[in-house]
Structure formats: C-alpha cells, structure tokens
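Raw final.cif, mmCIF, C-alpha atoms and all ligand atoms:
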data_run
loop_
_atom_site.label_atom_id
_atom_site.label_comp_id
_atom_site.auth_asym_id
_atom_site.auth_seq_id
_atom_site.Cartn_x
_atom_site.Cartn_y
_atom_site.Cartn_z
CA MET A 26 0.00 0.00 0.00
CA ALA A 27 1.34 3.39 -0.95
CA ALA A 28 1.10 6.18 1.62
CA ALA A 29 -0.61 9.22 0.06
CA THR A 30 -0.49 11.43 3.13
CA GLY A 31 1.76 11.34 6.17
CA ASP A 32 1.11 12.11 9.80
CA GLY A 33 -1.54 14.71 10.33
CA GLU A 34 -3.75 15.72 13.18
CA VAL A 35 -7.28 16.06 11.89
CA CYS A 36 -8.73 14.41 8.82
CA ILE A 37 -11.99 15.60 7.31
CA VAL A 38 -13.78 13.30 4.87
CA GLY A 39 -15.65 15.50 2.38
CA ALA A 40 -15.06 19.07 1.16
CA GLY A 41 -18.72 20.08 1.18
CA LEU A 42 -19.84 23.01 3.30
CA ALA A 43 -19.68 21.04 6.56
CA GLY A 44 -16.15 19.90 5.80
CA VAL A 45 -14.93 23.38 4.91
CA GLY A 46 -16.73 24.70 8.01
CA VAL A 47 -14.58 22.38 10.14
CA ALA A 48 -11.42 23.59 8.39
CA TYR A 49 -12.50 27.21 8.75
CA ARG A 50 -12.89 26.94 12.53
CA LEU A 51 -9.51 25.19 12.83
CA ARG A 52 -7.67 27.71 10.62
CA GLU A 53 -6.08 29.66 13.43
CA GLU A 54 -5.42 26.68 15.69
CA PRO A 55 -2.15 24.71 15.80
CA VAL A 56 -3.73 21.76 14.01
CA ASP A 57 -2.77 20.18 10.69
CA VAL A 58 -5.88 19.64 8.64
CA THR A 59 -6.19 17.15 5.77
CA ILE A 60 -9.35 16.92 3.66
CA LEU A 61 -10.08 13.84 1.55
CA GLU A 62 -12.70 14.53 -1.14
CA LYS A 63 -13.96 12.02 -3.68
CA SER A 64 -14.90 14.58 -6.37
CA ARG A 65 -12.72 16.69 -8.65
CA GLY A 66 -14.06 19.87 -7.06
CA VAL A 67 -15.10 21.16 -3.66
CA GLY A 68 -18.51 22.29 -2.39
CA GLY A 69 -20.38 18.97 -2.42
CA ARG A 70 -24.09 19.56 -2.98
CA ALA A 71 -23.41 23.31 -3.31
CA ALA A 72 -22.28 22.61 -6.88
CA THR A 73 -21.81 24.57 -10.12
CA ARG A 74 -21.41 23.36 -13.69
CA ARG A 75 -20.36 25.15 -16.89
CA LYS A 76 -21.71 24.19 -20.29
CA HIS A 77 -22.12 25.93 -23.68
CA GLY A 78 -21.28 29.34 -22.21
CA CYS A 79 -23.71 29.00 -19.29
CA ARG A 80 -22.91 28.51 -15.64
CA TYR A 81 -25.50 27.04 -13.29
CA ASP A 82 -25.88 25.96 -9.68
CA HIS A 83 -27.46 22.52 -10.10
CA GLY A 84 -27.53 21.58 -6.40
CA ALA A 85 -28.07 24.28 -3.79
CA ASN A 86 -29.34 27.41 -5.55
CA TYR A 87 -28.24 30.06 -3.10
CA ILE A 88 -27.15 30.67 0.46
CA LYS A 89 -29.82 32.20 2.62
CA ASP A 90 -29.83 32.72 6.34
CA GLY A 91 -32.29 34.70 8.40
CA GLY A 92 -29.44 35.56 10.82
CA ASP A 93 -26.49 37.91 10.45
CA ARG A 94 -23.48 35.63 10.81
CA THR A 95 -23.76 34.04 7.36
CA ASP A 96 -24.23 37.44 5.70
CA GLU A 97 -21.16 38.73 7.54
CA LEU A 98 -19.09 35.71 6.55
CA VAL A 99 -20.15 35.87 2.90
CA ARG A 100 -19.12 39.54 2.76
CA GLU A 101 -15.83 38.85 4.53
CA LEU A 102 -15.03 36.27 1.85
CA GLY A 103 -14.93 39.10 -0.68
CA ASP A 104 -17.42 41.29 -2.56
CA GLU A 105 -15.95 40.56 -5.99
CA GLY A 106 -18.37 38.41 -7.95
CA LEU A 107 -20.82 38.23 -5.05
CA VAL A 108 -24.42 38.01 -6.28
CA ASP A 109 -27.50 38.81 -4.18
CA ILE A 110 -30.49 37.62 -6.19
CA ASP A 111 -32.99 40.52 -6.21
CA GLN A 112 -36.08 38.89 -7.62
CA PRO A 113 -38.44 37.08 -5.21
CA VAL A 114 -39.38 33.44 -4.85
CA TRP A 115 -43.04 32.87 -5.67
CA THR A 116 -45.12 29.78 -4.96
CA PHE A 117 -47.31 27.35 -6.90
CA ASP A 118 -49.67 24.58 -5.88
CA ALA A 119 -50.63 21.12 -7.15
CA ASP A 120 -52.93 22.70 -9.77
CA GLY A 121 -50.13 24.89 -11.09
CA GLU A 122 -51.66 28.05 -9.60
CA ILE A 123 -48.84 30.62 -9.18
CA SER A 124 -48.95 33.18 -6.35
CA PRO A 125 -46.58 35.93 -5.24
CA GLY A 126 -44.48 34.76 -2.31
CA ASP A 127 -45.44 36.24 1.00
CA ARG A 128 -42.32 35.23 2.89
CA ARG A 129 -39.94 37.87 4.15
CA GLU A 130 -37.12 37.90 1.67
CA ALA A 131 -33.62 37.56 3.09
CA HIS A 132 -30.44 37.84 1.04
CA LYS A 133 -30.02 35.07 -1.52
CA TRP A 134 -26.28 34.73 -2.11
CA THR A 135 -24.36 33.10 -4.89
CA TRP A 136 -21.42 34.22 -7.04
CA THR A 137 -20.93 35.04 -10.72
CA GLU A 138 -18.61 32.03 -10.81
CA GLY A 139 -21.19 29.88 -9.06
CA ILE A 140 -22.07 28.72 -5.59
CA THR A 141 -18.94 26.55 -5.37
CA GLN A 142 -17.22 29.85 -4.59
CA PHE A 143 -18.45 29.55 -1.02
CA ALA A 144 -16.38 26.43 -0.34
CA LYS A 145 -13.46 27.67 -2.47
CA ARG A 146 -13.26 31.05 -0.73
CA VAL A 147 -13.57 29.48 2.72
CA LEU A 148 -10.77 27.04 1.92
CA ASN A 149 -8.60 29.93 0.72
CA GLU A 150 -8.74 31.25 4.28
CA THR A 151 -7.28 28.00 5.64
CA ASP A 152 -4.05 26.01 5.35
CA ALA A 153 -5.92 22.74 4.93
CA THR A 154 -4.42 20.22 2.52
CA VAL A 155 -7.13 19.02 0.15
CA HIS A 156 -6.75 15.69 -1.66
CA LYS A 157 -9.37 15.62 -4.43
CA THR A 158 -10.52 12.52 -6.32
CA THR A 159 -9.80 10.58 -3.14
CA ARG A 160 -12.70 8.35 -2.17
CA VAL A 161 -12.35 6.99 1.35
CA ASP A 162 -13.48 3.38 1.66
CA GLY A 163 -12.45 2.38 5.15
CA LEU A 164 -11.20 3.48 8.56
CA THR A 165 -9.02 1.63 11.04
CA ARG A 166 -8.62 2.44 14.70
CA THR A 167 -4.98 1.73 15.54
CA ALA A 168 -2.98 2.25 18.72
CA ASP A 169 -1.60 5.52 17.30
CA GLY A 170 -4.85 6.96 15.97
CA TRP A 171 -7.14 6.70 12.95
CA ARG A 172 -5.95 5.49 9.56
CA LEU A 173 -8.06 5.82 6.43
CA SER A 174 -7.84 3.94 3.16
CA ASP A 175 -9.10 5.05 -0.23
CA THR A 176 -10.31 3.23 -3.32
CA GLU A 177 -6.89 3.64 -4.99
CA GLY A 178 -5.37 1.54 -2.21
CA ASP A 179 -3.62 4.49 -0.56
CA SER A 180 -3.43 4.88 3.18
CA HIS A 181 -3.80 8.17 5.09
CA GLY A 182 -2.85 8.94 8.66
CA PRO A 183 -2.56 8.32 11.49
CA PHE A 184 -4.84 11.15 12.61
CA GLU A 185 -5.80 11.97 16.16
CA ALA A 186 -9.35 12.79 15.06
CA VAL A 187 -11.54 12.19 12.01
CA VAL A 188 -14.64 14.12 10.92
CA LEU A 189 -17.04 12.34 8.57
CA THR A 190 -19.24 14.71 6.51
CA PRO A 191 -20.83 12.68 3.65
CA PRO A 192 -24.65 12.35 3.68
CA ALA A 193 -25.86 9.89 6.34
CA PRO A 194 -26.24 6.81 4.08
CA GLN A 195 -22.66 7.24 2.80
CA THR A 196 -21.36 7.91 6.30
CA ALA A 197 -23.12 4.71 7.44
CA ASP A 198 -21.20 2.80 4.74
CA LEU A 199 -17.94 4.26 6.03
CA LEU A 200 -18.79 3.39 9.63
CA ALA A 201 -19.65 -0.15 8.50
CA SER A 202 -16.17 -0.37 6.94
CA THR A 203 -14.39 0.55 10.16
CA ALA A 204 -11.92 -1.89 11.68
CA VAL A 205 -10.62 -1.79 15.24
CA GLU A 206 -7.18 -3.25 15.88
CA ASP A 207 -7.67 -3.69 19.62
CA ALA A 208 -10.15 -6.56 19.79
CA GLU A 209 -10.54 -6.08 23.54
CA SER A 210 -11.92 -2.55 23.32
CA ASP A 211 -15.59 -1.57 23.15
CA VAL A 212 -14.96 0.76 20.20
CA ALA A 213 -16.27 -1.76 17.69
CA ALA A 214 -19.61 -2.08 19.54
CA THR A 215 -19.97 1.70 19.74
CA ILE A 216 -19.38 2.04 16.01
CA GLU A 217 -21.74 -0.80 15.17
CA GLY A 218 -24.55 0.84 17.17
CA ALA A 219 -23.87 4.20 15.54
CA THR A 220 -23.85 2.68 12.05
CA GLU A 221 -27.43 1.48 12.40
CA ALA A 222 -28.66 4.83 13.76
CA VAL A 223 -26.91 6.79 11.01
CA ARG A 224 -28.31 4.47 8.33
CA GLU A 225 -31.83 5.28 9.50
CA VAL A 226 -31.51 9.04 8.90
CA PRO A 227 -33.97 9.62 6.02
CA PHE A 228 -32.88 11.44 2.86
CA ARG A 229 -35.00 12.70 -0.02
CA THR A 230 -33.95 12.13 -3.65
CA ILE A 231 -34.04 14.99 -6.18
CA ARG A 232 -33.33 14.80 -9.89
CA THR A 233 -32.36 18.22 -11.19
CA VAL A 234 -33.20 18.84 -14.85
CA VAL A 235 -31.58 21.81 -16.59
CA LEU A 236 -33.37 23.35 -19.59
CA GLN A 237 -31.69 25.93 -21.83
CA TYR A 238 -33.61 28.14 -24.32
CA PRO A 239 -32.23 30.38 -27.07
CA PHE A 240 -34.51 33.24 -25.99
CA GLU A 241 -35.15 35.22 -22.82
CA ILE A 242 -37.93 34.39 -20.39
CA ASP A 243 -39.06 37.46 -18.49
CA ARG A 244 -41.05 36.87 -15.30
CA PRO A 245 -41.49 38.86 -12.09
CA PHE A 246 -39.93 36.08 -9.97
CA TYR A 247 -36.54 34.44 -9.69
CA ALA A 248 -37.99 31.06 -8.73
CA LEU A 249 -41.16 29.14 -7.98
CA VAL A 250 -41.51 26.69 -5.10
CA ASN A 251 -44.31 24.15 -4.79
CA THR A 252 -45.73 24.69 -1.33
CA ASP A 253 -48.23 21.81 -1.06
CA ARG A 254 -45.60 19.28 -2.17
CA ASP A 255 -48.13 17.72 -4.48
CA HIS A 256 -46.74 18.69 -7.90
CA PRO A 257 -44.13 16.66 -9.83
CA ILE A 258 -42.00 19.82 -9.94
CA GLY A 259 -40.67 20.90 -6.57
CA TRP A 260 -38.73 23.99 -7.61
CA LEU A 261 -38.04 25.96 -10.77
CA ALA A 262 -35.45 28.75 -10.95
CA ARG A 263 -34.36 31.25 -13.61
CA GLU A 264 -30.59 31.06 -13.60
CA SER A 265 -30.44 34.28 -15.65
CA CYS A 266 -31.31 36.18 -12.44
CA LYS A 267 -27.73 35.44 -11.33
CA ALA A 268 -25.28 37.87 -12.93
CA GLY A 269 -22.70 36.15 -15.09
CA HIS A 270 -24.52 32.81 -15.39
CA VAL A 271 -26.46 33.00 -18.67
CA PRO A 272 -25.52 34.99 -21.82
CA ASP A 273 -27.92 37.75 -22.94
CA GLY A 274 -30.60 36.47 -25.29
CA GLU A 275 -30.75 33.03 -23.65
CA SER A 276 -32.38 31.55 -20.60
CA LEU A 277 -31.70 28.53 -18.46
CA LEU A 278 -34.15 26.95 -16.03
CA VAL A 279 -32.99 24.77 -13.15
CA VAL A 280 -35.87 22.44 -12.38
CA GLN A 281 -35.80 20.28 -9.29
CA MET A 282 -38.25 17.45 -9.63
CA ALA A 283 -40.22 16.40 -6.53
CA PRO A 284 -38.90 13.40 -4.53
CA ASP A 285 -41.60 10.93 -5.72
CA TRP A 286 -41.06 11.81 -9.37
CA SER A 287 -37.30 11.85 -8.90
CA THR A 288 -37.24 8.40 -7.35
CA ALA A 289 -39.54 6.93 -10.01
CA HIS A 290 -37.55 8.48 -12.89
CA TYR A 291 -34.07 8.46 -11.37
CA ASP A 292 -32.59 6.13 -14.00
CA ASP A 293 -34.62 7.31 -17.01
CA PRO A 294 -32.43 8.48 -19.91
CA LEU A 295 -31.85 12.24 -19.84
CA ASP A 296 -33.77 12.85 -23.09
CA SER A 297 -37.02 11.31 -21.88
CA ALA A 298 -36.76 12.77 -18.37
CA ALA A 299 -36.04 16.22 -19.80
CA ASP A 300 -38.90 15.90 -22.32
CA GLU A 301 -41.35 15.16 -19.56
CA ALA A 302 -39.99 17.91 -17.31
CA ALA A 303 -40.05 20.47 -20.16
CA GLY A 304 -43.69 19.61 -20.91
CA MET A 305 -44.60 20.24 -17.28
CA VAL A 306 -42.62 23.49 -17.22
CA ALA A 307 -44.45 24.68 -20.37
CA ASP A 308 -47.78 24.01 -18.64
CA LEU A 309 -46.76 25.62 -15.39
CA LEU A 310 -45.42 28.79 -17.04
CA ASP A 311 -48.15 28.70 -19.70
CA ASP A 312 -45.68 29.02 -22.58
CA ASP A 313 -45.66 26.27 -25.26
CA ARG A 314 -42.18 27.23 -26.45
CA LEU A 315 -40.75 25.86 -23.21
CA ALA A 316 -41.65 22.28 -24.19
CA GLU A 317 -38.72 22.38 -26.66
CA PRO A 318 -35.47 23.36 -24.94
CA GLY A 319 -32.31 24.10 -26.92
CA TRP A 320 -30.20 21.75 -24.84
CA VAL A 321 -30.67 19.89 -21.57
CA ASP A 322 -28.59 18.57 -18.70
CA ASP A 323 -29.27 16.88 -15.40
CA GLN A 324 -27.94 15.72 -12.07
CA GLY A 325 -29.32 12.97 -9.87
CA TRP A 326 -28.98 13.73 -6.17
CA ARG A 327 -29.80 10.40 -4.54
CA TYR A 328 -29.10 11.89 -1.13
CA ALA A 329 -30.38 15.41 -1.67
CA LEU A 330 -31.97 16.62 1.54
CA PRO A 331 -32.22 15.08 5.03
CA ASP A 332 -35.66 14.76 6.59
CA ALA A 333 -34.49 14.29 10.18
CA GLY A 334 -31.42 14.56 12.36
CA LEU A 335 -29.43 12.16 14.52
CA ASP A 336 -29.72 11.53 18.24
CA ASP A 337 -27.10 13.51 20.19
CA GLY A 338 -26.23 10.36 22.14
CA ILE A 339 -24.84 8.74 18.98
CA VAL A 340 -22.77 11.82 18.15
CA ASP A 341 -21.36 11.85 21.70
CA ALA A 342 -20.55 8.12 21.69
CA LEU A 343 -18.48 8.48 18.52
CA ARG A 344 -16.94 11.69 19.80
CA GLY A 345 -15.56 9.63 22.70
CA GLN A 346 -13.54 7.75 20.06
CA SER A 347 -12.32 10.95 18.37
CA LEU A 348 -14.68 10.23 15.52
CA PHE A 349 -16.87 13.22 14.67
CA LEU A 350 -19.87 13.69 12.37
CA ALA A 351 -20.83 16.92 10.61
CA GLY A 352 -23.29 17.92 7.91
CA ASP A 353 -26.79 19.17 7.21
CA TRP A 354 -28.21 15.86 8.43
CA LEU A 355 -26.85 16.47 11.93
CA VAL A 356 -29.07 19.55 11.99
CA GLY A 357 -31.90 17.71 10.25
CA GLU A 358 -32.37 20.38 7.57
CA GLY A 359 -30.91 20.54 4.08
CA ARG A 360 -29.50 24.04 4.10
CA ALA A 361 -26.06 25.08 2.96
CA HIS A 362 -25.44 27.52 5.79
CA GLN A 363 -26.65 24.98 8.38
CA ALA A 364 -24.12 22.46 7.07
CA PHE A 365 -21.35 25.06 7.26
CA TRP A 366 -22.13 26.16 10.82
CA ASN A 367 -22.55 22.55 11.93
CA GLY A 368 -19.00 22.00 10.67
CA VAL A 369 -17.84 25.02 12.70
CA ASP A 370 -19.62 23.70 15.83
CA THR A 371 -18.13 20.24 15.30
CA ALA A 372 -14.63 21.71 15.13
CA GLU A 373 -15.38 23.55 18.35
CA ALA A 374 -16.25 20.26 20.05
CA LEU A 375 -13.11 18.68 18.64
CA LEU A 376 -10.98 21.49 20.11
CA VAL A 377 -12.59 21.07 23.53
CA ASP A 378 -11.62 17.38 23.49
CA ARG A 379 -7.95 17.91 22.58
C1 LIG B 401 -30.97 19.84 -5.48
C2 LIG B 401 -30.60 20.53 -4.19
C3 LIG B 401 -31.01 21.84 -3.96
C4 LIG B 401 -30.66 22.50 -2.78
N1 LIG B 401 -31.00 23.82 -2.63
C5 LIG B 401 -30.52 24.50 -1.56
C6 LIG B 401 -30.65 25.91 -1.49
O1 LIG B 401 -31.14 26.58 -2.42
N2 LIG B 401 -30.18 26.53 -0.38
C7 LIG B 401 -29.57 25.85 0.64
O2 LIG B 401 -29.16 26.47 1.64
N3 LIG B 401 -29.39 24.51 0.57
C8 LIG B 401 -29.84 23.82 -0.51
N4 LIG B 401 -29.60 22.49 -0.62
C9 LIG B 401 -28.98 21.79 0.50
C10 LIG B 401 -27.47 22.01 0.57
O3 LIG B 401 -26.88 21.78 -0.70
C11 LIG B 401 -26.89 21.03 1.58
O4 LIG B 401 -27.59 21.14 2.81
C12 LIG B 401 -25.41 21.28 1.88
O5 LIG B 401 -24.69 21.56 0.69
C13 LIG B 401 -24.86 20.02 2.56
O6 LIG B 401 -23.48 20.18 2.83
P1 LIG B 401 -22.70 18.98 3.54
O7 LIG B 401 -21.29 19.42 3.67
O8 LIG B 401 -23.43 18.59 4.77
O9 LIG B 401 -22.82 17.72 2.57
P2 LIG B 401 -22.26 17.54 1.08
O10 LIG B 401 -22.36 18.79 0.33
O11 LIG B 401 -22.97 16.34 0.55
O12 LIG B 401 -20.71 17.22 1.29
C14 LIG B 401 -20.22 15.94 1.53
C15 LIG B 401 -18.93 15.78 0.73
O13 LIG B 401 -18.39 14.48 1.00
C16 LIG B 401 -17.88 13.94 -0.20
N5 LIG B 401 -17.84 12.49 -0.03
C17 LIG B 401 -18.87 11.62 0.06
N6 LIG B 401 -18.42 10.36 0.25
C18 LIG B 401 -17.06 10.44 0.28
C19 LIG B 401 -16.02 9.49 0.45
N7 LIG B 401 -16.29 8.18 0.62
N8 LIG B 401 -14.73 9.92 0.42
C20 LIG B 401 -14.43 11.24 0.25
N9 LIG B 401 -15.39 12.18 0.08
C21 LIG B 401 -16.67 11.79 0.11
C22 LIG B 401 -18.87 14.42 -1.26
O14 LIG B 401 -18.30 14.38 -2.55
C23 LIG B 401 -19.15 15.84 -0.78
O15 LIG B 401 -18.26 16.78 -1.33
C24 LIG B 401 -29.92 21.82 -1.79
C25 LIG B 401 -29.49 20.50 -2.03
C26 LIG B 401 -29.82 19.87 -3.22
C27 LIG B 401 -29.31 18.48 -3.48
#

Just dump the structure as structure tokens.
Ligand SMILES: Cc1cc2nc3c(=O)[nH]c(=O)nc-3n(C[C@H](O)[C@H](O)[C@H](O)COP(=O)(O)OP(=O)(O)OC[C@H]3O[C@@H](n4cnc5c(N)ncnc54)[C@H](O)[C@@H]3O)c2cc1C
Amino acid sequence: MAAATGDGEVCIVGAGLAGVGVAYRLREEPVDVTILEKSRGVGGRAATRRKHGCRYDHGANYIKDGGDRTDELVRELGDEGLVDIDQPVWTFDADGEISPGDRREAHKWTWTEGITQFAKRVLNETDATVHKTTRVDGLTRTADGWRLSDTEGDSHGPFEAVVLTPPAPQTADLLASTAVEDAESDVAATIEGATEAVREVPFRTIRTVVLQYPFEIDRPFYALVNTDRDHPIGWLARESCKAGHVPDGESLLVVQMAPDWSTAHYDDPLDSAADEAAGMVADLLDDDRLAEPGWVDDQGWRYALPDAGLDDGIVDALRGQSLFLAGDWLVGEGRAHQAFWNGVDTAEALLVDR
C-alpha cells in the first residue's frame, strides 16, 4: 500500500460546506488539517457546472440565512463576484396556480462564478491540505490513531481525530467499513450501534433537470416553489437572475423534480426525463415554447436533503472515540449555511476534546 499522506492531526472526509466549516474553525489553531474529497471539485451539494457558455448551480441554488453571521461571513469572503439575487421566490400549488411569495425575503447569495465559490473562498482562508478525487473506503482504529484507506489503495494517517461529513447513508457505509485493531476494546460495539442509527436518517432524492432556451424568459420572480408538495416539480429557478450565469438572449431553467417523481424516474435516460420535465414546465409557465429546450442537462442527487437529524447520544458516543460527524443531516435540515455552521460547531467540540 502506498502512503498518500503522512502524519496529520485532523482528517476531514468531504469538502462540502460542513467539511470546509470544520477547516475554517480550525484555521487559526495549531492543528494540521487534511481533507479527503472524492470529487474533482469542492462544495459537495453546493455545486456549479459550466456548459455551452452557461454557468449554473445545479444543487443548492443560493445561500440564505435569516441571521447575520452568514451574511457577515459571505461579505468577509470578498465582494468581488458576489451576487445577491434581487427577484423574489413565488409559490405554486398542485394545480399549477402561481402566487406571489409572502415570505420575508432575506439575502439570496451566490457568485458570478457559481455557488462553489463559497467552499473555495472558505478554503482559501485555511491552510488545509485538500486531496481531491480521493474516495475513502475504510477506517481503522490503531494504537496511534485513525488510519483511512481510499479506493486507490492508498493509506492516510494516522490522525488523532476524524470528521465524517458525507450524507448519512454514505457515512453509514464508512462506519460499516471501520476496523478496530484492539479486539478487547468496546470501540467496535460503539461504532456498530452508531452505524445502524446513522443508516436510518432519512434522505430525499431529487433529480435536477436543466433546460436551456435560445430566448429570454421574463417573469417577475426568480424562482417558484411548490408549497403543497403535491406537484411533480418541486422547484423551478431562472438562472439568468444570477449575474454572469447566462448569456444575454438566452435563458436557463434549473428544475428540481419532486422526490416521488425523482425516485420513479431516477434512472430514465436524460432525453425522456427532460422531455417530460419540459412539458410540465411549459404548462406551469403557460408558454408552449418551453416544451422544446435548446439543450438539456441533469444531475441525480440520490441523497439530496435530510428529513431528520441524529440523536445527540450517537454523536457523543463516537466523539468519545475521536470520531466526529458533521453535515446538514446532523441539523436535520438541508441548508447550505446549516451544514457550514454545523462544521464550525463540530470543530469547536473537537478542540474542547484535545
Ligand atoms: C438539489 C438541491 C437543492 C438545494 N437547494 C438549496 C438551497 O437553495 N439553499 C440551501 O441552503 N441549501 C440547498 N440544498 C442543501 C445544501 O446543498 C446542503 O444542505 C449542503 O450543501 C450540505 O453540505 P454537507 O457538507 O453537509 O454535505 P455535502 O455537500 O454532501 O458534502 C459531503 C462531501 O463528502 C464527499 N464524499 C462523500 N463520500 C465520500 C467518500 N467516501 N470519500 C471522500 N469524500 C466523500 C462528497 O463528494 C461531498 O463533497 C440543496 C441540495 C440539493 C441536493
């Protein structure tokens, strides 16, 4: 086995917002931080893609927090390219009836270069070492700390503490692949109990369908959200409301299909899924032209949004083994800022234990 990383102190699995939140809190502490991330980029479900001159956030659409600390942080990360979406979010119901939103509108942040800027800018503030395209497939508790292996057969560590941030079902897989060298200890039983509890955290599936049109679509809203959760479309957003995302004269709709539809059509070929979605969008926006997009794209988010959290007792039991959990599912709400601040709070707990 080749050693990809040497001794370090804290290892974070996942460079999503929870993972970068951990690194952010540790940035001024005397702690070496290593992040292992399976993807080519950072940001996790706060993701951006570029295609045919367009840029679009195909996971989380924007960062919104009713409180001040996220707004302050976002501004501290730099005003250049920062986008605050002006237009409101309106609602629609199962019958496709559209109504002006009546919710108090907070800031809706993204960046001209896409929402991945949040994770990138946070990481720029840290000295964390990020190993991309590194998919962790197992952990071992040794006498000198935690060692992690990846799917390339490389070994990482030992680390005095590990923070796992993938969505609960993927974290459960990692916990199930944990070995304990000291057969006498009760660590294995603790991890086994935690694995079952983590596996039970429910996640919703969302298939995002992206529809591009060679003409502009002018509406008084940025996005529409289905409030009775009884329409096959859950969310529809006009990416052109984000400066720098869509060239003039074009439009691009990011359509998040509802969980039932997404699960039933998860493996359908893109063409047929996009055809069906475009037909529904044309009906909803009452514009026949929208049934025929110029080009389409998609992303399946099998583990899109958590529907519940995890018992604190499980978190504490793992914490006793210097194994920490962070992510939106610890909060029980799929929100980018919640994931980030949960990462910060988890790092705080980790520092208390050192
Ligand atoms: C379609 C969609 C729309 C959304 N819209 C919004 C929105 O508008 N506003 C909002 O606030 N929130 C929104 N959310 C929720 C928001 O994206 C999440 O709550 C937040 O990004 C979760 O961050 P996280 O760090 O907890 O998890 P993740 O972002 O999932 O990060 C986990 C990271 O771990 C990595 N990973 C997984 N397994 C391994 C492994 N074995 N080895 C190494 N790395 C691994 C993943 O690649 C990923 O980078 C949306 C989510 C989706 C899917």

(message) Please find the residues contacting ligand LIG 401 (chain B) at a distance of at most 6 Å between atoms, with all atoms listed in the file counted, and report them as a ChimeraX atom specification.
(response) /A:38-44,61-64,67-71,84-89,159-162,190-192,195,231,326,329-330,352-353,359-362,364

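For A:Asp322, the non-local neighbours within 12 Å, defined as residues at least 5 positions apart in the same chain or in other chains and counting only C-alpha atoms, are Arg74, Arg75, Lys76, His77, Cys79, Arg80, Tyr81, Asp82, His83, Arg232, Thr233, Val234, Val235, Leu236, Gln237, Leu277, Leu278, Val279, Val280, Gln281, Pro294, Leu295, Asp296, Ser297, Ala298, Ala299, Asp300, Ala302 and Ala303 of chain A.
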
(request) Rounded to one decimal place, report the atom CA of A:Thr371-atom CA of A:Leu102 distance in Å. (result) 21.2 Å

Within 12 Å of A:Glu217, counting all atoms listed in the file, which residues show up once you throw out same-chain ones fewer than 4 positions away? Write them as an mmCIF file with C-alpha atoms, keeping the file's coordinate frame, please.
data_model
loop_
_atom_site.group_PDB
_atom_site.id
_atom_site.type_symbol
_atom_site.label_atom_id
_atom_site.label_comp_id
_atom_site.auth_asym_id
_atom_site.auth_seq_id
_atom_site.Cartn_x
_atom_site.Cartn_y
_atom_site.Cartn_z
ATOM 1 C CA ALA A 197 -23.120 4.710 7.440
ATOM 2 C CA ASP A 198 -21.200 2.800 4.740
ATOM 3 C CA LEU A 199 -17.940 4.260 6.030
ATOM 4 C CA LEU A 200 -18.790 3.390 9.630
ATOM 5 C CA ALA A 201 -19.650 -0.150 8.500
ATOM 6 C CA SER A 202 -16.170 -0.370 6.940
ATOM 7 C CA THR A 203 -14.390 0.550 10.160
ATOM 8 C CA ALA A 204 -11.920 -1.890 11.680
ATOM 9 C CA VAL A 205 -10.620 -1.790 15.240
ATOM 10 C CA ASP A 211 -15.590 -1.570 23.150
ATOM 11 C CA VAL A 212 -14.960 0.760 20.200
ATOM 12 C CA ALA A 213 -16.270 -1.760 17.690
ATOM 13 C CA GLU A 221 -27.430 1.480 12.400
ATOM 14 C CA ALA A 222 -28.660 4.830 13.760
ATOM 15 C CA VAL A 223 -26.910 6.790 11.010
ATOM 16 C CA ARG A 224 -28.310 4.470 8.330
ATOM 17 C CA ILE A 339 -24.840 8.740 18.980
ATOM 18 C CA ALA A 342 -20.550 8.120 21.690
ATOM 19 C CA LEU A 343 -18.480 8.480 18.520
#

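Note that atom CA of A:Arg229 and atom CA of A:Asp336 are 19.0 Å apart.
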
(request) Measure the distance from atom CA of A:His270 to atom CA of A:Gly103 in Å and round it to one decimal. (result) 18.7 Å

For stretch 133-139 of chain A, find every residue with an atom within 6 Å (counting all atoms listed in the file), except residues of its own chain fewer than 5 positions away, and show them as an mmCIF file with C-alpha atoms, in the frame of the given file.
data_model
loop_
_atom_site.group_PDB
_atom_site.id
_atom_site.type_symbol
_atom_site.label_atom_id
_atom_site.label_comp_id
_atom_site.auth_asym_id
_atom_site.auth_seq_id
_atom_site.Cartn_x
_atom_site.Cartn_y
_atom_site.Cartn_z
ATOM 1 C CA THR A 73 -21.810 24.570 -10.120
ATOM 2 C CA TYR A 87 -28.240 30.060 -3.100
ATOM 3 C CA ILE A 88 -27.150 30.670 0.460
ATOM 4 C CA LYS A 89 -29.820 32.200 2.620
ATOM 5 C CA GLY A 106 -18.370 38.410 -7.950
ATOM 6 C CA LEU A 107 -20.820 38.230 -5.050
ATOM 7 C CA VAL A 108 -24.420 38.010 -6.280
ATOM 8 C CA ASP A 109 -27.500 38.810 -4.180
ATOM 9 C CA ILE A 110 -30.490 37.620 -6.190
ATOM 10 C CA ALA A 268 -25.280 37.870 -12.930
ATOM 11 C CA GLY A 269 -22.700 36.150 -15.090
#

Per residue of stretch 296-324 of chain A within 12 Å of stretch 246-264 of chain A, note the shortest atom pair and the distance in Å to one decimal, counting only C-alpha atoms, and order the rows by chain and increasing residue number, as CSV.
residue,atom,partner,partner_atom,distance
A:Ala298,CA,A:Pro257,CA,11.9
A:Glu301,CA,A:Pro257,CA,10.2
A:Ala302,CA,A:Ile258,CA,7.9
A:Ala303,CA,A:Ile258,CA,10.4
A:Gly304,CA,A:Ile258,CA,11.1
A:Met305,CA,A:Ile258,CA,7.8
A:Val306,CA,A:Ile258,CA,8.2
A:Ala307,CA,A:Leu261,CA,11.6
A:Asp308,CA,A:Ile258,CA,11.3
A:Leu309,CA,A:Ile258,CA,9.3
A:Leu310,CA,A:Leu249,CA,10.0

(message) What's around A:Ala168 at 9 Å? Count only C-alpha atoms, leave out sequence neighbours fewer than 2 positions away in its own chain, and write the answer as an MDAnalysis selection string.
(response) chainID A and resid 166 170:171 206:207
